[in-house]
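Enquirer: Shown below is the structure under consideration.
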Amino acid sequence: MLNEDVSNPDGAFQHEPMRPVQAGEAAEIQRPKSVDNAFWASIASTAIASVATIVTVLLDQTWLERFARAMLADTGKRATDADLATTISMARVSLGFGIALFAAIFVLFAVKMRAGRGWARIVLTVFAALGVMNFLSAVASTGAALSLMWSLAEIAFSVTAVIYMFRPESSKYFLEHRKRRLARRSGRLLP
């Protein structure tokens with residue numbers, strides 16, 4: 001916040017000094033075990049999803065060849081074996097980078113959730129719900145295919161994380177973090 005009554009010799013405004021921390025504010029909010037469990041379940045879900053994508057996509061030479069041939073066919077030129085090999089390599093690198101990026105983003109969401117950020121809890125919940133719907137539609141269209149076991153494990157950990165994130169002690173934890181952030185923003189002292 002700016003203190004409009006105080007300016008430096010150049011006429012520019014100076015920031016107010018931070019207010020002192022009150023005794024009640026200094027105490028760290030005790031994180032319940034359910035939030036830690038939700039964190040680790042989210043990490044497990046992300047790890048399983050990453051490994052599953054690597055195994056089912058990046059290591060599947062047949063799928064990669066079909067994918068590369070489709071990409072080369074879209075160019076309209078006749079593709080050579082060298083073009084096919086280059087396209088497969090580029091697809092592997094691109095997909096590997098994408099997997100790492102999405103895994104990092106989900107780990108970030110899990111870390112922010114563990115730190116008491118309610119928005120991260122909601123984001124993880126929405127992605128878990130989307131994952132459940134995707135899994136159920138895959139089961140409905142293909143039956144209980146063996147290839148869906150990766151998805152089943154991922155969804156089991158995602159749903160476990162959601163259950164832990166919304167337990168009463170977890171909800172109190174997120175509410176307390178929100179109260180403190182709002183109090184800090186408004187400059188009010190906590191009781």
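How things are named: the first chain in the structure tokens is A, the next is B, and so on; residues count from 1 in each chain; ligands count from 1 in the order shown.
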Please provide the set of residues having any atom within 12 Å of Glu169 (chain A), restricted to only C-alpha atoms, with same-chain residues fewer than 3 positions apart removed, written as a PDB file with N, CA and C atoms, in the first residue's frame.
Expert:
ATOM      1  N   ILE A  29       0.306 -22.429  10.518  1.00  0.00           N
ATOM      2  CA  ILE A  29      -0.912 -23.239  10.502  1.00  0.00           C
ATOM      3  C   ILE A  29      -0.473 -24.707  10.408  1.00  0.00           C
ATOM      4  N   GLN A  30      -0.976 -25.492  11.325  1.00  0.00           N
ATOM      5  CA  GLN A  30      -0.624 -26.913  11.364  1.00  0.00           C
ATOM      6  C   GLN A  30      -1.304 -27.629  10.199  1.00  0.00           C
ATOM      7  N   ARG A  31      -0.507 -28.244   9.321  1.00  0.00           N
ATOM      8  CA  ARG A  31      -1.058 -28.942   8.164  1.00  0.00           C
ATOM      9  C   ARG A  31      -1.528 -30.329   8.591  1.00  0.00           C
ATOM     10  N   PRO A  32      -2.791 -30.658   8.332  1.00  0.00           N
ATOM     11  CA  PRO A  32      -3.285 -31.986   8.728  1.00  0.00           C
ATOM     12  C   PRO A  32      -2.707 -33.093   7.840  1.00  0.00           C
ATOM     13  N   LYS A  33      -2.693 -34.273   8.363  1.00  0.00           N
ATOM     14  CA  LYS A  33      -2.178 -35.438   7.635  1.00  0.00           C
ATOM     15  C   LYS A  33      -2.971 -35.689   6.359  1.00  0.00           C
ATOM     16  N   SER A  34      -4.250 -35.352   6.361  1.00  0.00           N
ATOM     17  CA  SER A  34      -5.067 -35.576   5.165  1.00  0.00           C
ATOM     18  C   SER A  34      -4.589 -34.730   3.985  1.00  0.00           C
ATOM     19  N   VAL A  35      -4.071 -33.529   4.244  1.00  0.00           N
ATOM     20  CA  VAL A  35      -3.542 -32.688   3.168  1.00  0.00           C
ATOM     21  C   VAL A  35      -2.253 -33.305   2.627  1.00  0.00           C
ATOM     22  N   ASP A  36      -1.409 -33.825   3.528  1.00  0.00           N
ATOM     23  CA  ASP A  36      -0.198 -34.515   3.066  1.00  0.00           C
ATOM     24  C   ASP A  36      -0.546 -35.756   2.246  1.00  0.00           C
ATOM     25  N   ILE A 163     -10.727 -36.932  -2.166  1.00  0.00           N
ATOM     26  CA  ILE A 163     -11.375 -37.286  -0.899  1.00  0.00           C
ATOM     27  C   ILE A 163     -10.590 -36.703   0.274  1.00  0.00           C
ATOM     28  N   TYR A 164      -9.276 -36.846   0.238  1.00  0.00           N
ATOM     29  CA  TYR A 164      -8.458 -36.285   1.314  1.00  0.00           C
ATOM     30  C   TYR A 164      -8.504 -34.757   1.340  1.00  0.00           C
ATOM     31  N   MET A 165      -8.553 -34.124   0.176  1.00  0.00           N
ATOM     32  CA  MET A 165      -8.561 -32.654   0.130  1.00  0.00           C
ATOM     33  C   MET A 165      -9.834 -32.053   0.711  1.00  0.00           C
ATOM     34  N   PHE A 166     -10.925 -32.820   0.716  1.00  0.00           N
ATOM     35  CA  PHE A 166     -12.190 -32.274   1.189  1.00  0.00           C
ATOM     36  C   PHE A 166     -12.647 -32.882   2.511  1.00  0.00           C
ATOM     37  N   LYS A 172     -10.792 -27.076   6.991  1.00  0.00           N
ATOM     38  CA  LYS A 172     -10.423 -26.079   8.006  1.00  0.00           C
ATOM     39  C   LYS A 172      -9.056 -25.477   7.699  1.00  0.00           C
ATOM     40  N   TYR A 173      -8.135 -26.320   7.260  1.00  0.00           N
ATOM     41  CA  TYR A 173      -6.786 -25.869   6.906  1.00  0.00           C
ATOM     42  C   TYR A 173      -6.836 -24.839   5.767  1.00  0.00           C
ATOM     43  N   PHE A 174      -7.587 -25.151   4.715  1.00  0.00           N
ATOM     44  CA  PHE A 174      -7.693 -24.227   3.583  1.00  0.00           C
ATOM     45  C   PHE A 174      -8.416 -22.940   3.986  1.00  0.00           C
ATOM     46  N   LEU A 175      -9.428 -23.063   4.824  1.00  0.00           N
ATOM     47  CA  LEU A 175     -10.161 -21.888   5.292  1.00  0.00           C
ATOM     48  C   LEU A 175      -9.268 -20.972   6.131  1.00  0.00           C
ATOM     49  N   GLU A 176      -8.447 -21.553   6.999  1.00  0.00           N
ATOM     50  CA  GLU A 176      -7.545 -20.753   7.829  1.00  0.00           C
ATOM     51  C   GLU A 176      -6.512 -20.032   6.972  1.00  0.00           C
TER      52      GLU A 176
END
Enquirer: Hey, which of A:Ala100, A:Ala52, A:Ala129, A:Ala140 ends up closest to Ile155 (chain A)? Count only C-alpha atoms.
Expert: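 Among A:Ala100, A:Ala52, A:Ala129, A:Ala140, it is A:Ala129 that comes nearest to Ile155 (chain A).
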Enquirer: Might you pull out every residue within 10 Å of Phe127 (chain A), with only C-alpha atoms counted and same-chain residues fewer than 5 positions away left off, and present them as a list in words?
Expert: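 The residues satisfying every condition are Phe106, Ile122, Val132, Met133 and Ser158 of chain A.
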Enquirer: Leaving out Leu59 (chain A) and any residue of its chain fewer than 2 positions from it, which residues lie within 12 Å of it when counting only C-alpha atoms, given as a list in words?
Expert: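 Listing them by chain and then by number gives Val51, Ala52, Thr53, Ile54, Val55, Thr56, Val57, Gln61, Thr62, Trp63, Leu64, Glu65, Ile88, Ser89, Ala91, Arg92, Val93, Leu95 and Gly96 of chain A.
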Enquirer: Any chance you can output those residues with N, CA and C atoms as a CSV table (one decimal), in the first residue's frame?
Expert:
chain,number,residue,atom,x,y,z
A,51,VAL,N,4.2,-42.1,-16.6
A,51,VAL,CA,4.8,-43.4,-17.0
A,51,VAL,C,3.9,-44.1,-18.0
A,52,ALA,N,2.6,-44.0,-17.8
A,52,ALA,CA,1.6,-44.7,-18.7
A,52,ALA,C,1.7,-44.0,-20.1
A,53,THR,N,1.8,-42.7,-20.2
A,53,THR,CA,1.9,-42.1,-21.5
A,53,THR,C,3.2,-42.5,-22.1
A,54,ILE,N,4.3,-42.5,-21.4
A,54,ILE,CA,5.6,-43.0,-22.0
A,54,ILE,C,5.5,-44.4,-22.5
A,55,VAL,N,4.9,-45.3,-21.7
A,55,VAL,CA,4.8,-46.7,-22.1
A,55,VAL,C,3.9,-46.9,-23.3
A,56,THR,N,2.7,-46.3,-23.2
A,56,THR,CA,1.7,-46.5,-24.2
A,56,THR,C,1.8,-45.7,-25.5
A,57,VAL,N,2.6,-44.6,-25.4
A,57,VAL,CA,2.7,-43.7,-26.6
A,57,VAL,C,4.2,-43.7,-27.1
A,61,GLN,N,6.2,-48.2,-31.0
A,61,GLN,CA,6.8,-47.9,-32.4
A,61,GLN,C,5.7,-47.9,-33.4
A,62,THR,N,4.7,-48.8,-33.4
A,62,THR,CA,3.7,-48.9,-34.4
A,62,THR,C,2.8,-47.7,-34.4
A,63,TRP,N,2.4,-47.2,-33.2
A,63,TRP,CA,1.6,-46.0,-33.1
A,63,TRP,C,2.4,-44.8,-33.6
A,64,LEU,N,3.7,-44.7,-33.2
A,64,LEU,CA,4.5,-43.6,-33.7
A,64,LEU,C,4.7,-43.6,-35.2
A,65,GLU,N,4.8,-44.8,-35.8
A,65,GLU,CA,4.9,-44.8,-37.3
A,65,GLU,C,3.6,-44.4,-37.9
A,88,ILE,N,9.5,-39.4,-36.6
A,88,ILE,CA,9.3,-40.1,-35.4
A,88,ILE,C,10.2,-39.6,-34.3
A,89,SER,N,11.4,-39.2,-34.6
A,89,SER,CA,12.3,-38.6,-33.6
A,89,SER,C,11.7,-37.3,-33.1
A,91,ALA,N,8.6,-36.4,-33.1
A,91,ALA,CA,7.4,-36.7,-32.3
A,91,ALA,C,7.8,-37.1,-30.9
A,92,ARG,N,8.8,-38.0,-30.8
A,92,ARG,CA,9.2,-38.5,-29.5
A,92,ARG,C,9.7,-37.3,-28.6
A,93,VAL,N,10.5,-36.5,-29.2
A,93,VAL,CA,11.0,-35.3,-28.4
A,93,VAL,C,9.9,-34.4,-28.0
A,95,LEU,N,6.6,-35.0,-27.7
A,95,LEU,CA,5.7,-35.7,-26.8
A,95,LEU,C,6.4,-35.8,-25.4
A,96,GLY,N,7.7,-36.1,-25.4
A,96,GLY,CA,8.4,-36.2,-24.1
A,96,GLY,C,8.5,-34.9,-23.4
Enquirer: Assign secondary structure with DSSP using the backbone only, and return the residues of region 3-188 of chain A in alpha helix (DSSP H) as a PyMOL selection string.
Expert: chain A and resi 23-26+33-53+61-75+81-114+118-142+149-165+168-186
Enquirer: Hey, can you check how far CA of Phe97 (chain A) sits from CA of Ala49 (chain A)?
Expert: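 That distance, rounded to one decimal, is 14.4 Å.
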Enquirer: Neighbours of Leu136 (chain A) within 12 Å (only C-alpha atoms; same-chain residues fewer than 4 positions away dropped), as a ChimeraX atom specification?
Expert: /A:129-132,140-145,148,151-152,155
Enquirer: What separation in Å, quoted to one decimal, exists between CA of Val139 (chain A) and CA of Thr46 (chain A)?
Expert: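 Result for CA of Val139 (chain A) versus CA of Thr46 (chain A): 20.6 Å, one decimal.
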Enquirer: Give me, as a ChimeraX atom specification, all polymer residues having an atom no more than 9 Å from Ala68 (chain A), counting only C-alpha atoms and skipping those fewer than 6 positions away in the same chain.
Expert: /A:83-88,91
Enquirer: Separation of CA of Val159 (chain A) and CA of Gly98 (chain A), in Å?
Expert: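 Result for CA of Val159 (chain A) versus CA of Gly98 (chain A): 23.7 Å, one decimal.
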Enquirer: Quick one: everything within 10 Å of Trp40 (chain A), counting only C-alpha atoms, minus sequence neighbours fewer than 2 positions away in the same chain. Send it as a ChimeraX atom specification.
Expert: /A:34-38,42-46,107,110-111,114,157,160-161
Enquirer: Could you check the closest approach to Glu28 (chain A) for each of A:Ala183, A:Ala115, A:Ser171, A:Arg121 and tell me which residue wins, using only C-alpha atoms?
Expert: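 Ranking A:Ala183, A:Ala115, A:Ser171, A:Arg121 by distance to Glu28 (chain A), first place goes to A:Ala115.
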